[in-house]
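**Student:** One structure, pasted below without further comment.
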Amino acid sequence: MVDRIEKNFFALNCPYEDAEAVIFGAPFDGTTSFRPGTRFGPSAMRNESIGLESFSPYQDKDLEDAPICDSGDLDLPFGDAEQALDLIEQETTRILDDGKLPIMLGGEHLVSLGAFRAVAKKYPDVVVLHFDAHCDLREDYIGAKLSHACVLRRIHDIVGDGRIYQFGIRSGTKEEFEFAKTHTKMERFRADNFDEVLALLRLSEKPVPVYLTVDLDVLDPREFPGTGTPEAGGLSFEDLRICLMQLKDINLVGLDFVELSPPYDASGCSTALALKILRETLIMKYGK
Ligand SMILES: [Mn+2]
């Protein structure tokens with residue numbers, strides 16, 4: 001018998017029907033403000049995932065036979081952000097309606113809006129945990145309301161005040177930081193208060209539905225240079241990993257990892273880091 005290399009993430013081969021979580025790629029970078037390339041993120045991660053062990057020495061657990069399906073990348077029109085968001089929303093709705101957890105890989109950060117629209121329809125009381133170097137709270141970017149620079153503002157349009165928690169933020173306009181003071185809960189530069197926020201969520205009688213969006217540029221560019229708008233002074237891999245591991249008992253209803261840009265990842269180390277973050281997150285939820 002000749003072995004074949006699996007094309008799925010981490011060689012996950014659970015059929016859709018049996019899966020508890022579904023990974024899909026949203027390879028869209030049509031509104032990227034500086035350096036495009038995130039459209040290649042999902043395929044680069046899928047290819048490179050072959051080289052990463054499915055075992056986590058951090059958690060002593062393995063991803064093998066996990067109930068996770070890789071449903072591939074969506075075919076998205078680069079010139080039409082609204083149409084791309086519609087398609088992402090449709091796919092996320094399908095996954096949610098089938099009782100599964102959607103895990104999306106960008107793509108630029110605007111793709112989060114498509115997935116979040118679906119999640120917010122199903123869970124109107126959803127809370128957002130947002131890791132990013134950038135506020136993403138602009139009302140518009142050079143007139144465009146649908147831009148990766150505005151994605152959290154569009155999410156705020158849906159959820160309103162006090163439901164967005166931002167971490168690691170170190171770039172934005174004066175207006176964005178002013179907006180954050182009254183409309184979101186923001187920790188600048190670090191994520192030291194992450195555990196306090198989770199403790200607050202745990203106080204609720206009913207489990208609070210949580211959407212997690214990780215713009216990987218929250219990481220320091222010396223560890224994660226492969227992104228379109230790098231910002232010095234970011235979190236380390238270990239900072240982010242420790243935060244995410246605390247989500248084990250949190251009611252995650254959707255999550256995404258965005259803004260890996262393979263053209264700026266000449267060494268491959270950013271893609272490898274993104275994969276390791278993804279692997280640890282998946283193992284935390286589904287590892288054995
Ligand atoms: Mn960002």
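Here's how to read the names in the structure tokens: chain A, B, ... by the order shown, residue numbers from 1 in each chain, ligand numbers from 1 in the order shown.
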How would you report the residues lying within 10 Å of ligand 1, as a VMD selection string, if you count only C-alpha atoms and all ligand atoms?

**Tutor:** chain A and resid 108 to 109 131 to 136 148 to 149 151 168 to 172 214 to 219 227 to 231 258 to 259

**Student:** Quick one: residues within 6 Å of Lys61 (chain A), only C-alpha atoms counted, chain neighbours fewer than 3 positions away excluded, as a list in words?

**Tutor:**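 Counting only the stated atoms, we get Phe55, Ser56, Gly287 and Lys288 of chain A.
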
**Student:** What separation in Å, quoted to one decimal, exists between CA of His183 (chain A) and CA of Gly162 (chain A)?

**Tutor:**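 Straight-line distance from CA of His183 (chain A) to CA of Gly162 (chain A) works out to 5.8 Å.
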
**Student:** Using only C-alpha atoms, can you tell me which of A:Ala21, A:Ile103, A:Ala84, A:Ile158 comes closest to Arg117 (chain A)?

**Tutor:**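 Among the listed residues, A:Ile158 lies closest to Arg117 (chain A).
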
**Student:** When you look at Glu187 (chain A) with a cut-off of 9 Å (counting only C-alpha atoms), what residues show up, excluding the ones that are within fewer than 5 positions of it in the same chain? I need them as number ranges by chain.

**Tutor:** A: 165-169, 192-194

**Student:** What lies within 9 Å of Leu74 (chain A) using only C-alpha atoms, ignoring chain neighbours under 2 positions off, as a VMD selection string?

**Tutor:** chain A and resid 24 to 27 71 to 72 76 87 to 88 91
